[in-house]
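Q: Supplied structure: start.cif, mmCIF, C-alpha atoms and all ligand atoms.
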data_data
loop_
_atom_site.label_atom_id
_atom_site.label_comp_id
_atom_site.auth_asym_id
_atom_site.auth_seq_id
_atom_site.Cartn_x
_atom_site.Cartn_y
_atom_site.Cartn_z
CA MET A 29 20.29 9.93 -15.64
CA LYS A 30 16.67 10.15 -14.50
CA HIS A 31 15.46 12.58 -11.83
CA LEU A 32 12.76 10.54 -10.11
CA LEU A 33 10.24 11.92 -7.61
CA VAL A 34 8.77 9.23 -5.34
CA THR A 35 5.79 10.64 -3.46
CA GLY A 36 4.71 8.75 -0.34
CA GLY A 37 8.21 7.26 -0.24
CA ALA A 38 8.34 7.20 3.57
CA GLY A 39 5.44 4.73 3.78
CA PHE A 40 5.44 0.95 3.52
CA ILE A 41 5.58 0.20 -0.23
CA GLY A 42 7.05 3.58 -1.23
CA SER A 43 10.07 3.09 1.04
CA GLU A 44 10.72 -0.40 -0.37
CA PHE A 45 10.58 1.20 -3.84
CA VAL A 46 13.02 3.96 -2.82
CA ARG A 47 15.44 1.46 -1.24
CA HIS A 48 15.20 -0.79 -4.30
CA MET A 49 15.57 1.93 -6.94
CA ALA A 50 18.40 3.72 -5.11
CA SER A 51 20.45 0.53 -5.11
CA THR A 52 19.51 -0.83 -8.57
CA HIS A 53 19.67 2.54 -10.37
CA PRO A 54 22.70 4.28 -8.80
CA ASP A 55 22.86 6.61 -11.82
CA TRP A 56 19.33 7.99 -11.07
CA LYS A 57 18.63 10.84 -8.68
CA ILE A 58 15.85 9.72 -6.31
CA VAL A 59 13.88 12.39 -4.46
CA CYS A 60 11.47 11.12 -1.81
CA PHE A 61 8.56 13.53 -1.21
CA ASP A 62 6.35 12.76 1.77
CA LYS A 63 3.96 14.59 4.10
CA LEU A 64 4.99 12.32 6.99
CA THR A 65 1.45 11.56 8.14
CA TYR A 66 1.04 9.01 10.95
CA ALA A 67 2.01 6.34 8.35
CA GLY A 68 5.14 8.08 7.06
CA ASN A 69 8.29 7.10 8.90
CA LEU A 70 11.84 8.27 8.22
CA ASP A 71 13.15 5.14 9.99
CA ASN A 72 12.03 3.27 6.84
CA LEU A 73 14.57 5.26 4.84
CA THR A 74 17.62 4.89 7.10
CA PRO A 75 19.30 2.48 4.63
CA VAL A 76 19.34 5.15 1.88
CA GLN A 77 19.62 8.44 3.74
CA GLU A 78 23.40 8.83 3.22
CA LEU A 79 23.42 7.82 -0.46
CA PRO A 80 24.68 10.55 -2.81
CA ASN A 81 21.83 9.93 -5.30
CA TYR A 82 19.06 10.38 -2.68
CA ALA A 83 17.24 13.41 -1.23
CA PHE A 84 14.19 13.88 1.00
CA VAL A 85 11.57 16.66 0.88
CA GLN A 86 8.77 16.93 3.44
CA GLY A 87 5.64 18.10 1.62
CA ASP A 88 2.01 17.48 0.78
CA ILE A 89 0.98 16.52 -2.78
CA ALA A 90 -2.11 18.71 -2.25
CA ASP A 91 0.12 21.78 -1.67
CA ARG A 92 0.58 23.26 -5.15
CA GLU A 93 3.43 25.58 -4.24
CA VAL A 94 5.72 23.05 -2.56
CA VAL A 95 5.05 20.53 -5.34
CA ARG A 96 5.92 23.10 -8.04
CA TYR A 97 9.06 24.19 -6.19
CA THR A 98 10.21 20.58 -5.76
CA PHE A 99 9.81 19.83 -9.49
CA GLU A 100 11.97 22.84 -10.34
CA GLN A 101 14.53 22.52 -7.56
CA HIS A 102 15.30 18.88 -8.38
CA GLN A 103 14.69 19.04 -12.16
CA ILE A 104 12.23 16.17 -11.89
CA ASP A 105 11.49 14.28 -15.12
CA THR A 106 9.74 11.15 -13.75
CA VAL A 107 7.11 10.73 -11.02
CA VAL A 108 5.93 7.62 -9.16
CA ASN A 109 3.00 8.52 -6.92
CA PHE A 110 2.51 6.34 -3.84
CA ALA A 111 1.26 9.19 -1.62
CA ALA A 112 -2.14 8.30 -0.20
CA GLU A 113 -4.19 7.63 2.85
CA SER A 114 -4.19 3.85 2.64
CA HIS A 115 -6.23 2.23 5.43
CA VAL A 116 -9.84 1.22 4.66
CA ASP A 117 -11.00 1.25 8.31
CA ARG A 118 -9.76 4.82 8.78
CA SER A 119 -11.60 5.86 5.60
CA ILE A 120 -14.84 4.63 7.19
CA LEU A 121 -14.16 6.65 10.36
CA ASP A 122 -12.70 9.83 8.74
CA PRO A 123 -13.11 10.00 4.95
CA ASP A 124 -12.11 13.65 4.29
CA ALA A 125 -8.34 13.14 4.31
CA PHE A 126 -8.80 10.33 1.76
CA VAL A 127 -10.54 12.55 -0.77
CA ILE A 128 -8.00 15.34 -0.23
CA SER A 129 -4.85 13.24 -0.65
CA ASN A 130 -6.05 10.46 -2.95
CA THR A 131 -8.13 12.52 -5.38
CA VAL A 132 -7.52 16.29 -4.99
CA GLY A 133 -3.81 15.75 -4.25
CA VAL A 134 -3.42 13.56 -7.34
CA ASN A 135 -4.91 16.35 -9.46
CA ILE A 136 -2.51 18.92 -8.03
CA LEU A 137 0.45 16.62 -8.60
CA LEU A 138 -0.66 15.87 -12.18
CA ASP A 139 -1.19 19.54 -12.96
CA ALA A 140 2.26 20.50 -11.64
CA ALA A 141 3.81 17.57 -13.55
CA ARG A 142 2.09 18.71 -16.76
CA GLN A 143 3.23 22.30 -16.37
CA HIS A 144 6.76 21.14 -15.62
CA GLY A 145 6.73 18.88 -18.73
CA ILE A 146 7.72 15.63 -17.04
CA GLU A 147 8.49 12.59 -19.21
CA ARG A 148 6.49 9.91 -17.35
CA PHE A 149 3.98 9.76 -14.49
CA LEU A 150 3.30 6.40 -12.84
CA HIS A 151 0.35 6.30 -10.47
CA VAL A 152 0.14 3.54 -7.87
CA SER A 153 -3.43 2.31 -7.49
CA THR A 154 -5.18 -0.72 -6.07
CA ASP A 155 -7.34 -3.75 -6.91
CA GLU A 156 -10.00 -2.20 -4.64
CA VAL A 157 -11.16 0.01 -7.52
CA TYR A 158 -12.75 -3.11 -9.09
CA GLY A 159 -14.85 -3.70 -5.96
CA ASP A 160 -16.14 -7.02 -4.69
CA ILE A 161 -15.36 -9.75 -7.27
CA GLU A 162 -17.98 -12.48 -7.41
CA GLY A 163 -17.71 -16.14 -8.40
CA ASP A 164 -14.32 -17.10 -9.76
CA HIS A 165 -13.84 -14.04 -11.98
CA LEU A 166 -10.34 -12.53 -12.16
CA SER A 167 -10.32 -8.76 -12.75
CA VAL A 168 -8.68 -7.55 -15.96
CA GLU A 169 -7.57 -3.99 -16.57
CA ASN A 170 -10.57 -2.84 -18.60
CA ASP A 171 -13.15 -4.14 -16.10
CA PRO A 172 -15.50 -1.46 -14.72
CA PHE A 173 -14.76 0.39 -11.46
CA MET A 174 -17.11 -0.54 -8.59
CA PRO A 175 -15.38 0.90 -5.50
CA ASN A 176 -17.17 0.25 -2.20
CA SER A 177 -15.22 1.97 0.60
CA PRO A 178 -14.41 5.70 0.80
CA TYR A 179 -10.74 4.65 0.39
CA ALA A 180 -11.48 2.70 -2.80
CA ALA A 181 -13.66 5.50 -4.18
CA SER A 182 -10.95 8.10 -3.53
CA LYS A 183 -8.37 5.90 -5.30
CA ALA A 184 -10.74 5.42 -8.25
CA GLY A 185 -11.12 9.23 -8.40
CA GLY A 186 -7.34 9.64 -8.54
CA GLU A 187 -7.05 7.07 -11.32
CA LEU A 188 -9.74 8.75 -13.42
CA LEU A 189 -7.80 12.01 -13.21
CA VAL A 190 -4.64 10.26 -14.41
CA ARG A 191 -6.59 8.90 -17.37
CA ALA A 192 -8.03 12.37 -18.09
CA TYR A 193 -4.56 14.00 -18.13
CA HIS A 194 -3.39 11.35 -20.58
CA VAL A 195 -6.36 11.82 -22.92
CA THR A 196 -6.72 15.60 -22.58
CA HIS A 197 -3.09 16.68 -22.36
CA GLY A 198 -1.29 13.72 -23.94
CA MET A 199 0.61 13.13 -20.69
CA ASN A 200 2.75 9.98 -20.59
CA THR A 201 1.04 8.06 -17.80
CA VAL A 202 1.00 4.50 -16.46
CA ILE A 203 -1.20 3.10 -13.69
CA THR A 204 -0.48 0.03 -11.57
CA ARG A 205 -3.16 -1.72 -9.51
CA GLY A 206 -1.59 -3.73 -6.72
CA SER A 207 -3.18 -6.45 -4.64
CA ASN A 208 -2.93 -6.80 -0.82
CA THR A 209 0.70 -6.23 0.01
CA TYR A 210 2.63 -7.42 3.07
CA GLY A 211 6.24 -7.41 4.27
CA LYS A 212 8.74 -5.51 6.40
CA TYR A 213 8.15 -1.89 7.49
CA GLN A 214 4.33 -2.17 7.13
CA TYR A 215 2.48 0.05 9.60
CA PRO A 216 0.88 -2.30 12.17
CA GLU A 217 -2.73 -1.38 11.39
CA LYS A 218 -3.04 -3.69 8.35
CA LEU A 219 -4.06 -7.32 8.95
CA ILE A 220 -0.68 -9.07 8.77
CA PRO A 221 1.60 -6.72 10.78
CA PHE A 222 -1.25 -5.92 13.20
CA PHE A 223 -1.87 -9.57 13.97
CA ILE A 224 1.86 -10.46 14.15
CA THR A 225 2.60 -7.69 16.65
CA GLU A 226 -0.56 -8.33 18.71
CA ALA A 227 0.06 -12.08 18.81
CA LEU A 228 3.63 -11.51 19.98
CA GLU A 229 2.10 -9.77 23.01
CA ASP A 230 -0.60 -12.46 23.41
CA LYS A 231 -3.38 -9.96 22.68
CA PRO A 232 -6.72 -10.89 21.03
CA LEU A 233 -6.79 -10.92 17.20
CA PRO A 234 -10.04 -9.29 16.00
CA LEU A 235 -11.07 -11.12 12.82
CA TYR A 236 -13.95 -9.39 10.99
CA GLY A 237 -17.16 -11.32 10.29
CA ASP A 238 -16.63 -15.00 9.56
CA GLY A 239 -13.02 -14.54 8.41
CA ARG A 240 -13.88 -16.14 5.04
CA GLN A 241 -13.13 -13.02 2.96
CA VAL A 242 -10.57 -13.53 0.19
CA ARG A 243 -7.56 -11.32 -0.47
CA ASP A 244 -4.78 -11.79 -3.05
CA TRP A 245 -1.48 -11.49 -1.12
CA LEU A 246 1.64 -10.00 -2.71
CA TYR A 247 5.07 -9.67 -1.06
CA VAL A 248 6.24 -6.06 -1.00
CA HIS A 249 9.41 -6.70 -3.02
CA ASP A 250 7.33 -8.29 -5.79
CA HIS A 251 4.95 -5.33 -5.78
CA VAL A 252 7.92 -2.98 -6.17
CA THR A 253 9.47 -4.91 -9.07
CA GLY A 254 6.02 -4.91 -10.71
CA ILE A 255 5.91 -1.11 -10.46
CA GLU A 256 9.49 -0.88 -11.75
CA THR A 257 8.57 -3.07 -14.75
CA ALA A 258 5.54 -0.91 -15.57
CA LEU A 259 7.61 2.27 -15.16
CA LEU A 260 10.35 1.06 -17.50
CA HIS A 261 8.31 -0.92 -20.03
CA GLY A 262 4.61 -0.04 -19.66
CA GLN A 263 2.74 1.57 -22.51
CA SER A 264 1.58 5.14 -22.01
CA GLY A 265 -2.09 5.44 -21.11
CA GLU A 266 -2.30 1.83 -19.90
CA ALA A 267 -3.03 0.25 -16.51
CA TYR A 268 -1.37 -2.94 -15.22
CA ASN A 269 -2.56 -5.27 -12.45
CA VAL A 270 0.21 -6.22 -10.02
CA ALA A 271 -1.40 -9.35 -8.63
CA GLY A 272 0.14 -11.86 -6.24
CA GLU A 273 -2.17 -14.48 -7.80
CA ASN A 274 -2.23 -15.98 -4.32
CA ARG A 275 -5.80 -15.85 -3.05
CA GLN A 276 -6.37 -16.82 0.57
CA HIS A 277 -9.21 -16.70 3.08
CA ASN A 278 -8.33 -14.37 5.96
CA ILE A 279 -8.76 -17.17 8.50
CA ASP A 280 -6.17 -19.30 6.69
CA VAL A 281 -3.68 -16.42 6.66
CA VAL A 282 -4.15 -15.95 10.41
CA ARG A 283 -3.75 -19.68 11.12
CA LEU A 284 -0.50 -19.76 9.12
CA LEU A 285 0.77 -16.69 10.97
CA LEU A 286 -0.01 -18.23 14.35
CA SER A 287 1.78 -21.44 13.43
CA LEU A 288 4.87 -19.48 12.31
CA LEU A 289 4.80 -17.59 15.61
CA GLY A 290 4.10 -20.68 17.74
CA LYS A 291 0.99 -18.98 19.21
CA PRO A 292 -2.41 -20.61 19.92
CA GLU A 293 -5.53 -20.17 17.75
CA SER A 294 -7.42 -19.23 20.92
CA LEU A 295 -6.09 -15.68 20.35
CA ILE A 296 -8.52 -15.34 17.39
CA ARG A 297 -11.68 -13.36 18.25
CA TYR A 298 -14.50 -13.13 15.71
CA VAL A 299 -15.75 -9.52 15.85
CA PRO A 300 -18.57 -7.60 14.09
CA ASP A 301 -17.72 -7.10 10.43
CA ARG A 302 -16.23 -4.05 8.69
CA GLU A 303 -19.04 -1.95 7.17
CA GLY A 304 -19.34 -2.58 3.40
CA HIS A 305 -16.64 -5.26 3.61
CA ASP A 306 -15.63 -6.55 0.17
CA ALA A 307 -15.79 -10.35 0.28
CA ARG A 308 -13.29 -11.07 -2.47
CA TYR A 309 -10.53 -9.41 -4.48
CA ALA A 310 -9.01 -11.34 -7.36
CA MET A 311 -7.03 -10.17 -10.40
CA THR A 312 -4.92 -11.65 -13.16
CA ALA A 313 -1.42 -10.24 -13.78
CA GLN A 314 -1.23 -11.53 -17.38
CA LYS A 315 -0.75 -8.07 -18.88
CA LEU A 316 2.19 -7.20 -16.59
CA LYS A 317 3.71 -10.63 -17.11
CA ALA A 318 3.75 -9.94 -20.85
CA LEU A 319 6.20 -7.10 -20.01
CA GLY A 320 8.51 -9.63 -18.35
CA TRP A 321 7.47 -9.43 -14.67
CA GLU A 322 7.15 -12.52 -12.46
CA ARG A 323 6.71 -12.63 -8.71
CA GLN A 324 9.67 -14.17 -6.88
CA TYR A 325 8.22 -14.96 -3.44
CA THR A 326 5.81 -17.74 -2.57
CA PHE A 327 3.32 -16.79 0.16
CA GLU A 328 5.02 -19.12 2.64
CA ALA A 329 8.48 -17.62 1.97
CA GLY A 330 7.18 -14.03 2.07
CA LEU A 331 5.24 -14.58 5.27
CA LYS A 332 8.20 -16.27 6.97
CA ALA A 333 10.50 -13.36 5.96
CA THR A 334 7.89 -10.92 7.30
CA VAL A 335 7.45 -12.69 10.63
CA ASP A 336 11.24 -12.91 11.03
CA TRP A 337 11.59 -9.17 10.34
CA TYR A 338 8.99 -8.18 12.97
CA LEU A 339 10.62 -10.56 15.46
CA ALA A 340 14.00 -8.95 14.80
CA HIS A 341 12.77 -5.31 14.88
CA PRO A 342 10.59 -4.82 17.96
CA GLU A 343 12.09 -1.31 18.37
CA TRP A 344 10.52 -0.31 14.99
CA TRP A 345 6.94 -1.33 15.80
CA ARG A 346 6.91 -0.73 19.58
CA LYS A 347 7.71 2.96 18.93
CA ILE A 348 4.63 3.16 16.66
CA LYS A 349 2.18 1.37 18.96
CA THR A 350 1.81 4.28 21.38
CA GLY A 351 -0.14 7.58 21.58
CA ALA A 352 -2.36 8.23 18.54
CA TYR A 353 -2.06 4.58 17.47
CA LEU A 354 -3.69 3.47 20.73
CA GLU A 355 -6.48 6.04 20.27
CA PHE A 356 -7.22 4.56 16.85
CA TYR A 357 -7.13 1.07 18.35
CA GLN A 358 -9.71 2.07 20.97
CA ARG A 359 -11.99 3.63 18.38
CA GLN A 360 -11.74 0.74 15.96
CA TYR A 361 -11.67 -2.28 18.26
CA ALA A 362 -12.88 -1.59 21.84
CA GLU A 363 -16.60 -2.11 21.13
CA ARG A 364 -15.96 -4.84 18.59
CA LEU A 365 -13.89 -6.86 21.06
CA LYS A 366 -16.61 -6.56 23.71
CA ALA A 367 -18.98 -8.21 21.21
CA SER A 368 -16.44 -10.84 20.10
CA LYS A 369 -16.60 -14.63 20.06
CA GLY A 370 -13.86 -17.25 20.12
CA GLN A 371 -13.85 -20.41 17.99
CA GLY A 372 -16.83 -22.62 18.82
CA GLU A 373 -18.41 -20.04 21.21
P1 LIG B 401 1.27 3.81 3.69
O1 LIG B 401 0.07 4.31 4.41
O2 LIG B 401 2.21 2.89 4.40
O3 LIG B 401 2.13 5.05 3.18
C1 LIG B 401 1.56 6.19 2.59
C2 LIG B 401 2.62 7.27 2.57
O4 LIG B 401 2.07 8.42 1.90
C3 LIG B 401 3.04 7.74 3.97
O5 LIG B 401 4.45 7.86 4.03
C4 LIG B 401 2.37 9.10 4.11
O6 LIG B 401 3.08 10.00 4.96
C5 LIG B 401 2.34 9.57 2.67
N1 LIG B 401 1.28 10.54 2.39
C6 LIG B 401 -0.04 10.45 2.68
N2 LIG B 401 -0.70 11.52 2.24
C7 LIG B 401 0.22 12.32 1.64
C8 LIG B 401 0.15 13.56 0.98
N3 LIG B 401 -1.00 14.23 0.87
N4 LIG B 401 1.28 14.09 0.46
C9 LIG B 401 2.48 13.44 0.58
N5 LIG B 401 2.59 12.27 1.22
C10 LIG B 401 1.48 11.70 1.73
O7 LIG B 401 0.72 3.17 2.36
P2 LIG B 401 1.22 1.93 1.51
O8 LIG B 401 0.56 0.70 2.02
O9 LIG B 401 2.69 1.96 1.37
O10 LIG B 401 0.54 2.28 0.11
C11 LIG B 401 1.24 3.07 -0.85
C12 LIG B 401 0.37 3.21 -2.08
O11 LIG B 401 0.09 1.92 -2.61
C13 LIG B 401 -0.97 3.88 -1.84
O12 LIG B 401 -1.25 4.72 -2.93
C14 LIG B 401 -1.95 2.72 -1.77
O13 LIG B 401 -3.22 3.14 -2.18
C15 LIG B 401 -1.32 1.76 -2.75
N6 LIG B 401 -1.59 0.34 -2.51
C16 LIG B 401 -1.36 -0.22 -1.28
C17 LIG B 401 -1.57 -1.58 -1.11
C18 LIG B 401 -1.36 -2.26 0.22
O14 LIG B 401 -1.76 -3.43 0.36
N7 LIG B 401 -0.76 -1.62 1.20
C19 LIG B 401 -2.01 -2.37 -2.20
C20 LIG B 401 -2.24 -1.75 -3.43
C21 LIG B 401 -2.01 -0.40 -3.58
O1 LIG B 402 -6.31 -4.82 -1.91
C1 LIG B 402 -5.38 -3.78 -1.84
C2 LIG B 402 -5.62 -3.00 -0.58
O2 LIG B 402 -5.23 -3.85 0.49
C3 LIG B 402 -4.87 -1.69 -0.52
O3 LIG B 402 -5.32 -0.85 -1.55
C4 LIG B 402 -5.07 -1.02 0.83
O4 LIG B 402 -4.26 0.15 0.91
C5 LIG B 402 -4.66 -1.98 1.92
O5 LIG B 402 -4.96 -1.41 3.18
C6 LIG B 402 -5.38 -3.31 1.78
O6 LIG B 402 -6.79 -3.17 2.08
P1 LIG B 402 -7.58 -4.28 2.95
O7 LIG B 402 -8.73 -3.63 3.58
O8 LIG B 402 -7.83 -5.50 2.15
O9 LIG B 402 -6.43 -4.61 4.02
P2 LIG B 402 -6.48 -4.86 5.58
O10 LIG B 402 -5.12 -5.31 5.99
O11 LIG B 402 -7.08 -3.73 6.33
O12 LIG B 402 -7.48 -6.10 5.71
C7 LIG B 402 -7.20 -7.33 5.06
C8 LIG B 402 -8.38 -8.24 5.35
O13 LIG B 402 -8.36 -8.56 6.75
C9 LIG B 402 -9.72 -7.61 5.08
O14 LIG B 402 -10.63 -8.59 4.58
C10 LIG B 402 -10.18 -7.12 6.45
C11 LIG B 402 -9.58 -8.15 7.40
N1 LIG B 402 -9.22 -7.62 8.73
C12 LIG B 402 -8.41 -6.53 8.79
C13 LIG B 402 -8.07 -5.97 10.00
C14 LIG B 402 -7.18 -4.76 10.08
C15 LIG B 402 -9.71 -8.23 9.87
O15 LIG B 402 -10.42 -9.25 9.81
N2 LIG B 402 -9.37 -7.68 11.08
C16 LIG B 402 -8.59 -6.57 11.20
O16 LIG B 402 -8.35 -6.12 12.34
#
Would it be possible to restate this file's structure as structure tokens?
Ligand code: NAD
Ligand code: DAU
A:
Amino acid sequence: MKHLLVTGGAGFIGSEFVRHMASTHPDWKIVCFDKLTYAGNLDNLTPVQELPNYAFVQGDIADREVVRYTFEQHQIDTVVNFAAESHVDRSILDPDAFVISNTVGVNILLDAARQHGIERFLHVSTDEVYGDIEGDHLSVENDPFMPNSPYAASKAGGELLVRAYHVTHGMNTVITRGSNTYGKYQYPEKLIPFFITEALEDKPLPLYGDGRQVRDWLYVHDHVTGIETALLHGQSGEAYNVAGENRQHNIDVVRLLLSLLGKPESLIRYVPDREGHDARYAMTAQKLKALGWERQYTFEAGLKATVDWYLAHPEWWRKIKTGAYLEFYQRQYAERLKASKGQGE
């Protein structure tokens, strides 16, 4: 029996991982550890909250004492770290929290894990550490780091600490680098859930720049099975790309979404670009595939499942789109929308 700590398990991908692992590994004890920031949501964990092999602890990975206590209290032997500030636009507005959680917090978690003598530490990272990928190159795991946003830089900092604990202290570590992930329970600030929920209310969809940026889309369940594969079979000290290998221009993603929703393209508004916007992310998942992982969802199937979930769960996202969410919306979009253009304008 493993005693697994999942940090950031109340967020989007972390909660899918908790739900998946609690059902596929009923003999494991799963402890979800989460600060419950604006992005953490206990509603995401309703399906597991009564399971006998599940427990929840509210805490901050940058708080040494609560982390140490949790390791001891629950006899943790395995860690999967999802905990992070995750939204690029917020990192441009307010970078401090990103450095604290994504870099300093990772160090505190690693140090506590080392002192506790855990067996394996998997750190969840991102393709953004590679930066803007030119031409038709596909990033491989030993490519250099060229992070461009404060978010990406803070994630690169966290990764470098994981590497250092492996080399310096011989810690058993694995890193995964996921591509753009979408699916149910995603906080409606990221492109896909933001645009679905705005379009459902016939609100303008603020597309940055010319909308020709490329992202590699990965359905959340496939991301989670990629992390599970790396956790169970990855080699210590190695990193693994979890790539959807499904590269799309943003404008094409938005057009497909609108057609699934039966909404007009006139909702699209071209707004001034994100500062430092990376034009293209692209990775190969060859190394993870060699461990036996394959993605199961096509983009069309994943997007349809996602749209259907948001249509069926308005109570989940309507509760979020109030208060502080609306303040962020004003800060991020009010001026941009004033300067926006529609198609052909
Ligand atoms: P999310 O914002 O939905 O969830 C993050 C969770 O971490 C929240 O529950 C939040 O409360 C918690 N958290 C934040 N700071 C914390 C702290 N200091 N201590 C404890 N908990 C804290 O994010 P997500 O999209 O699910 O991303 C999860 C991880 O996956 C992140 O590390 C992110 O960098 C990485 N990632 C995300 C994507 C993506 O497309 N969303 C792709 C690749 C990698
Ligand atoms: O690539 C992995 C990363 O993907 C993760 O590490 C991050 O945690 C996650 O937030 C995501 O980062 P992006 O910045 O790529 O995701 P986002 O959904 O914010 O934006 C996707 C693309 O859509 C990007 O090119 C910016 C564009 N966009 C986004 C928003 C929110 C718009 O054009 N308009 C918008 O309003």
Q: Env of stretch 207-215 of chain A: 6 Å cut, atoms = all atoms listed in the file, seq-sep filter 4 positions within chain, self excluded. Answer as a VMD selection string.
A: chain A and resid 40 155 244 to 248 271 334
Q: Give me, as a Markdown table, the closest atom pair and its distance (Å, one decimal) for every residue of chain A within a cut-off of 8 Å of ligand LIG 402 (chain B), counting all atoms listed in the file, rows sorted by chain and rising number.
A:
| residue | atom | partner | partner_atom | distance |
| --- | --- | --- | --- | --- |
| A:Glu113 | CA | B:LIG402 | O4 | 7.7 |
| A:Ser114 | CA | B:LIG402 | O4 | 4.1 |
| A:His115 | CA | B:LIG402 | O5 | 4.5 |
| A:Val116 | CA | B:LIG402 | O7 | 5.1 |
| A:Asp117 | CA | B:LIG402 | O11 | 6.6 |
| A:Ser153 | CA | B:LIG402 | O3 | 7.0 |
| A:Thr154 | CA | B:LIG402 | O3 | 4.5 |
| A:Asp155 | CA | B:LIG402 | O1 | 5.2 |
| A:Glu156 | CA | B:LIG402 | O1 | 5.3 |
| A:Tyr179 | CA | B:LIG402 | O4 | 7.9 |
| A:Ala180 | CA | B:LIG402 | O3 | 7.2 |
| A:Gly206 | CA | B:LIG402 | C1 | 6.2 |
| A:Ser207 | CA | B:LIG402 | C1 | 4.5 |
| A:Asn208 | CA | B:LIG402 | O2 | 4.0 |
| A:Thr209 | CA | B:LIG402 | O2 | 6.4 |
| A:Glu217 | CA | B:LIG402 | C14 | 5.7 |
| A:Lys218 | CA | B:LIG402 | O10 | 3.5 |
| A:Leu219 | CA | B:LIG402 | O10 | 3.7 |
| A:Ile220 | CA | B:LIG402 | O10 | 6.4 |
| A:Phe222 | CA | B:LIG402 | C14 | 6.8 |
| A:Phe223 | CA | B:LIG402 | O16 | 7.5 |
| A:Leu233 | CA | B:LIG402 | O16 | 7.0 |
| A:Pro234 | CA | B:LIG402 | O16 | 5.1 |
| A:Leu235 | CA | B:LIG402 | O15 | 3.6 |
| A:Tyr236 | CA | B:LIG402 | O15 | 3.7 |
| A:Gly237 | CA | B:LIG402 | O15 | 7.1 |
| A:Gly239 | CA | B:LIG402 | O15 | 6.1 |
| A:Gln241 | CA | B:LIG402 | O14 | 5.3 |
| A:Val242 | CA | B:LIG402 | O14 | 6.6 |
| A:Arg243 | CA | B:LIG402 | O8 | 6.4 |
| A:Asp244 | CA | B:LIG402 | O1 | 7.2 |
| A:Asn278 | CA | B:LIG402 | O13 | 5.9 |
| A:Asp301 | CA | B:LIG402 | O15 | 7.6 |
| A:Arg302 | CA | B:LIG402 | C10 | 7.1 |
| A:His305 | CA | B:LIG402 | O14 | 6.9 |
| A:Asp306 | CA | B:LIG402 | O14 | 7.0 |
| A:Ala307 | CA | B:LIG402 | O14 | 6.9 |
| A:Arg308 | CA | B:LIG402 | O14 | 7.9 |
| A:Tyr309 | CA | B:LIG402 | O1 | 6.7 |
| A:Tyr361 | CA | B:LIG402 | O16 | 7.8 |
Q: Set out as a Markdown table a contact list for stretch 259-313 of chain A and stretch 197-203 of chain A with a cut-off of 8 Å, giving each residue of stretch 259-313 of chain A that qualifies its closest atom pair and distance in Å to one decimal, counting all atoms listed in the file, ordered by chain and rising residue number.
A:
| residue | atom | partner | partner_atom | distance |
| --- | --- | --- | --- | --- |
| A:Leu259 | CA | A:Val202 | CA | 7.1 |
| A:Gly262 | CA | A:Val202 | CA | 6.6 |
| A:Gln263 | CA | A:Val202 | CA | 6.9 |
| A:Ser264 | CA | A:Thr201 | CA | 5.2 |
| A:Gly265 | CA | A:Thr201 | CA | 5.3 |
| A:Glu266 | CA | A:Val202 | CA | 5.5 |
| A:Ala267 | CA | A:Ile203 | CA | 4.4 |
| A:Tyr268 | CA | A:Ile203 | CA | 6.2 |
Q: Fewer than 5 positions away in the same chain doesn't count, so skip those; otherwise give me all residues within 7 Å of A:Gly39, counting all atoms listed in the file, as an MDAnalysis selection string.
A: chainID A and resid 67:69
Q: Could you state the separation of atom CA of A:Asp62 and atom CA of A:Gln360 in Å, given to one decimal place?
A: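 Atom-to-atom, atom CA of A:Asp62 to atom CA of A:Gln360, that is 25.9 Å.
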Q: Enclose stretch 230-235 of chain A, meaning all of its atoms listed in the file, in a box aligned along x, y and z, pad it by 3 Å on each side, and list the centre and edge lengths in Å to one decimal, as lines of an AutoDock Vina configuration file.
A:
center_x = -5.8
center_y = -10.9
center_z = 18.1
size_x = 16.5
size_y = 9.2
size_z = 16.6
Q: Using only C-alpha atoms for the distances, tell me which of A:Cys60, A:Ile128, A:His144, A:Gly133 is nearest to A:Ile89.
A: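 Among A:Cys60, A:Ile128, A:His144, A:Gly133, it is A:Gly133 that comes nearest to A:Ile89.
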Q: Go through A:Gln314, A:Thr253, A:Asn274, A:Asn135 and flag the residue nearest A:Met49, using all atoms listed in the file for the distances.
A: A:Thr253
Q: Could you check which of A:Met311, A:Phe173, A:Ile146, A:Gly304 is closest to ligand LIG 401 (chain B), using only C-alpha atoms and all ligand atoms?
A: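 Answer, going by the shortest atom-to-atom distance: A:Met311.
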Q: I'd like the interatomic distance between atom CA of A:Asn176 and atom CA of A:Glu303, to a tenth of an Å.
A: 9.8 Å
Q: To one decimal place, how far is atom CA of A:Arg359 from atom CA of A:Tyr298 in Å?
A: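 Separation between atom CA of A:Arg359 and atom CA of A:Tyr298: 17.2 Å.
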Q: Could you check which of A:Glu187, A:Glu147, A:Asp160, A:Glu78 is closest to ligand LIG 401 (chain B), using only C-alpha atoms and all ligand atoms?
A: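 Counting only C-alpha atoms and all ligand atoms, the residue closest to ligand LIG 401 (chain B) is A:Glu187.
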